[in-house]
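Report on the following structure.
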Amino acid sequence: MMKLSPDTSRRGFLTLVAAAALLAGCKPSGGSGSGGDAAGGGASTIVVGEFASLTGTEATFGKSSHEGTLLAIEELNKAGGLLGKQFSLITEDNRSTAGESVTIVKKFISRDHVVAVLGEVASGRSMEAAPVCQQAGIPMVSPSSTNPKVTEIGDYIFRVCFIDPFQGKLLADFATKTLKAKKVALLSDVSSAYSDGLGRFFREGFTAGGGEIISEQKYTSKDKDFKAQLTAIKAASPDAIFVPGYYTEAGLIVAQARQLGITLPIFGGDGWEAPELIQIAGGEALANTYYSTHYSPESSDARVQTFVKAFQARFNGETPDAMAALGYDSAMVLADAMKRAGTTDGAKVRDALAATKDYPCVTGKTTLDAARNASKAAVIITVKDGKFKYLETIQP
């Protein structure tokens, strides 16, 4: 049975999916069939599984990504579906917990007979599930796992976001050129594959450009007190602090840094992308902070504005963040590959995904390279007057 988040009132997410699943006795939502079909025929629906962090420490990421994915599936079905069938989306909550994703994806494949899997935002949980999909020959598309190791797991594993070697290098350039920083302190999460990887790629890019990492401190996910690390960083007198972590800890780090009188720039990667960042840190504390991400809803691009308006209409006026946009894009890229393949057969969909070139995503034209990674631009966001503001775009 699909697991429901206890916090369903915040956005009303999962309403359609949950209702269909419960009414059908926990059959996939979005159609009357009980499973997909490898040849694209013989079943009434195209069943796709989605695993996400709908509760727990990264719930904001999972909810946003899910809502973008759900909007895409609804739009595809409204337009007539694909291959003469409707899409059926099964969504499961991994609770932001290690190990849960494996159990969920095994269930998707063995019991629900999905033809593809969408997820996850967090790189560590994508790396847990990817070997299961690879072994079963089921294509998996991550919306926003940026650690390069995700797609290295096998040729059935794809993503629609840029990867951390690019993000780390662009943040190194940003620190050097925009922040004019020559000495940077690094504060990273030892328990996170994402934080470890992004920190490493930033270090490589920054030192290669002549910069110096003068203090390197560590923390663990779910820590609440960072004053010891920040005190050590303050004593080192850096020009800026790089925090390649997730919004929950990043918000606390920024707030505590300001309490200690640290006013210098603090910056991070796309793990900062969440409205809760402002709620946790406070808008005043976030002055002179920056992070890289995948798109900005402030873009004047017609495709972006069409998506933003559709998302706001579907989800009570809420403005979609980058995770929502990438969730939407992951479903659309998968559907496009199935359309070009003319089937939901795993191997043929895999080949079609690998051939994706210049697909017009919300987050920019997407081409999947030989390593099944997306090459696309990034944007830098800052906080001004307690609100996220677009600063600049950085091309690959």
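Numbering starts fresh at 1 for the residues of each chain in the structure tokens, the chains themselves are lettered A, B, ... in the order given, and ligands are numbered from 1 as they appear.
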**Request:** May I have all residues of stretch 214-260 of chain A that DSSP, computed from the backbone, assigns to helix (DSSP H, G or I), given as a PyMOL selection string?
**Result:** chain A and resi 227-236+247-259
Take the residues from that selection and write them out as a PDB file, in the first residue's frame, keeping C-alpha atoms.
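So out_3.pdb came out as:
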ATOM      1  CA  LYS A 227      29.065  26.807  17.253  1.00  0.00           C
ATOM      2  CA  ALA A 228      32.283  24.879  17.905  1.00  0.00           C
ATOM      3  CA  GLN A 229      32.962  24.499  14.186  1.00  0.00           C
ATOM      4  CA  LEU A 230      31.979  28.095  13.478  1.00  0.00           C
ATOM      5  CA  THR A 231      34.192  29.398  16.277  1.00  0.00           C
ATOM      6  CA  ALA A 232      37.159  27.554  14.753  1.00  0.00           C
ATOM      7  CA  ILE A 233      36.279  28.962  11.340  1.00  0.00           C
ATOM      8  CA  LYS A 234      36.008  32.504  12.713  1.00  0.00           C
ATOM      9  CA  ALA A 235      39.486  32.182  14.236  1.00  0.00           C
ATOM     10  CA  ALA A 236      40.898  31.219  10.820  1.00  0.00           C
ATOM     11  CA  TYR A 247      18.697  23.337   3.999  1.00  0.00           C
ATOM     12  CA  THR A 248      17.871  21.976   7.481  1.00  0.00           C
ATOM     13  CA  GLU A 249      21.438  22.238   8.731  1.00  0.00           C
ATOM     14  CA  ALA A 250      22.428  25.122   6.426  1.00  0.00           C
ATOM     15  CA  GLY A 251      19.734  27.345   7.950  1.00  0.00           C
ATOM     16  CA  LEU A 252      20.953  26.632  11.477  1.00  0.00           C
ATOM     17  CA  ILE A 253      24.577  27.171  10.455  1.00  0.00           C
ATOM     18  CA  VAL A 254      23.790  30.578   8.955  1.00  0.00           C
ATOM     19  CA  ALA A 255      21.748  31.645  11.999  1.00  0.00           C
ATOM     20  CA  GLN A 256      24.451  30.542  14.467  1.00  0.00           C
ATOM     21  CA  ALA A 257      27.218  32.136  12.394  1.00  0.00           C
ATOM     22  CA  ARG A 258      25.443  35.489  12.551  1.00  0.00           C
ATOM     23  CA  GLN A 259      24.936  35.048  16.315  1.00  0.00           C
TER      24      GLN A 259
END
Surrounding residues of A:Gly205 excluding itself and chain neighbours under 2 positions, 7 Å, only C-alpha atoms, as a tab-separated table (two decimals) with N, CA and C atoms, in the first residue's frame:
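Contents of out-v8.tsv, freshly written:
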chain	number	residue	atom	x	y	z
A	168	GLY	N	30.36	22.09	-8.37
A	168	GLY	CA	31.50	22.46	-7.53
A	168	GLY	C	32.41	23.46	-8.21
A	169	LYS	N	32.65	23.24	-9.50
A	169	LYS	CA	33.52	24.16	-10.26
A	169	LYS	C	32.86	25.53	-10.41
A	172	ALA	N	33.18	27.35	-7.20
A	172	ALA	CA	34.56	27.80	-7.02
A	172	ALA	C	34.80	29.08	-7.81
A	201	PHE	N	34.56	18.54	-4.92
A	201	PHE	CA	34.70	19.16	-6.24
A	201	PHE	C	34.90	20.67	-6.13
A	202	PHE	N	34.30	21.28	-5.11
A	202	PHE	CA	34.56	22.70	-4.88
A	202	PHE	C	36.02	22.91	-4.52
A	203	ARG	N	36.53	22.10	-3.59
A	203	ARG	CA	37.92	22.22	-3.15
A	203	ARG	C	38.87	22.12	-4.34
A	207	THR	N	41.07	25.45	-5.35
A	207	THR	CA	42.53	25.43	-5.19
A	207	THR	C	43.25	25.46	-6.54
A	208	ALA	N	42.62	24.86	-7.56
A	208	ALA	CA	43.21	24.90	-8.89
A	208	ALA	C	43.27	26.32	-9.43
A	209	GLY	N	42.34	27.14	-8.97
A	209	GLY	CA	42.31	28.54	-9.40
A	209	GLY	C	43.13	29.46	-8.52
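Backbone DSSP over stretch 60-145 of chain A yields strand (DSSP E) at Gln86, Phe87, Ser88, Leu89, Ile90, Thr91, Glu92, Asp93, Ala116, Val117, Leu118, Met140, Val141 and Ser142 of chain A.
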Give me the residues of stretch 39-94 of chain A that have any atom at most 10 Å from an atom of stretch 122-137 of chain A; for each, the nearest atom pair and the distance in Å, rounded to one decimal. Use only C-alpha atoms, sort by chain and number, and format it as CSV.
residue,atom,partner,partner_atom,distance
A:Phe51,CA,A:Ser126,CA,9.2
A:Ala52,CA,A:Ala122,CA,8.8
A:Ser53,CA,A:Ala122,CA,8.5
A:Glu58,CA,A:Ala122,CA,8.3
A:Phe61,CA,A:Ala122,CA,8.4
A:Gly62,CA,A:Ala122,CA,8.9
A:Asn94,CA,A:Arg125,CA,8.8
**Request:** Give me the residues within 7 Å of A:Gln217 as a list in words, counting only C-alpha atoms and dropping any in the same chain fewer than 3 places off.
**Result:**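 Surrounding residues, per the criterion: Leu186, Leu187, Ser188 and Gln229 of chain A.
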Using only C-alpha atoms, find each residue in stretch 134-178 of chain A having at least one atom no more than 7 Å away from stretch 368-388 of chain A; report its shortest atom-to-atom pair and that distance in Å (one decimal), rows by chain then rising number, as a tab-separated table.
residue	atom	partner	partner_atom	distance
A:Thr151	CA	A:Arg372	CA	6.4
A:Phe158	CA	A:Arg372	CA	5.1
A:Arg159	CA	A:Asn373	CA	5.6
A:Val160	CA	A:Ala374	CA	5.2
A:Cys161	CA	A:Ala374	CA	5.4
A:Phe162	CA	A:Ala374	CA	5.4
**Message:** Can you tell me which residues surround A:Val349 at a distance of at most 12 Å, considering only C-alpha atoms, apart from same-chain residues fewer than 2 positions away, and format the answer as an MDAnalysis selection string?
**Reply:** chainID A and resid 38:40 115:117 137:141 155:158 333:347 351:356
**Prompt:** In terms of the shortest atom-to-atom distance over only C-alpha atoms, which of A:Val243, A:Ile90, A:Leu286, A:Leu198 is closest to A:Glu50?
**Reply:**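 Among A:Val243, A:Ile90, A:Leu286, A:Leu198, it is A:Ile90 that comes nearest to A:Glu50.
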**Asked** Excluding same-chain residues fewer than 5 positions from A:Thr69, what lies within 8 Å of it counting only C-alpha atoms, as a PyMOL selection string?
**Response** chain A and resi 324+327-331
**Request:** Kindly give the distance, in Å, that separates atom CA of A:Ser299 and atom CA of A:Thr393, rounded to a single decimal.
**Result:** 10.3 Å
Could the residues of stretch 220-336 of chain A that have an atom at most 12 Å from stretch 145-150 of chain A be listed as a Markdown table, each with its closest atom pair and the distance in Å to one decimal, counting only C-alpha atoms and ordered by chain and ascending residue number?
| residue | atom | partner | partner_atom | distance |
| --- | --- | --- | --- | --- |
| A:Pro244 | CA | A:Thr146 | CA | 12.0 |
| A:Gly269 | CA | A:Thr146 | CA | 10.2 |
| A:Asp270 | CA | A:Thr146 | CA | 9.0 |
| A:Gly271 | CA | A:Thr146 | CA | 9.8 |
| A:Thr293 | CA | A:Thr146 | CA | 10.9 |
| A:His294 | CA | A:Thr146 | CA | 10.8 |
| A:Met323 | CA | A:Ser145 | CA | 10.2 |
| A:Leu326 | CA | A:Ser145 | CA | 10.2 |
| A:Gly327 | CA | A:Ser145 | CA | 11.1 |
| A:Ser330 | CA | A:Ser145 | CA | 11.5 |
**Prompt:** Which distance in Å separates atom CA of A:Thr103 and atom CA of A:Asp164, to one decimal?
**Reply:**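 Going from atom CA of A:Thr103 over to atom CA of A:Asp164, I get 26.9 Å.
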**Atom pair atom CA of A:Tyr390 / atom CA of A:Ser300: separation (Å)** =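 Straight-line distance from atom CA of A:Tyr390 to atom CA of A:Ser300 works out to 11.7 Å.
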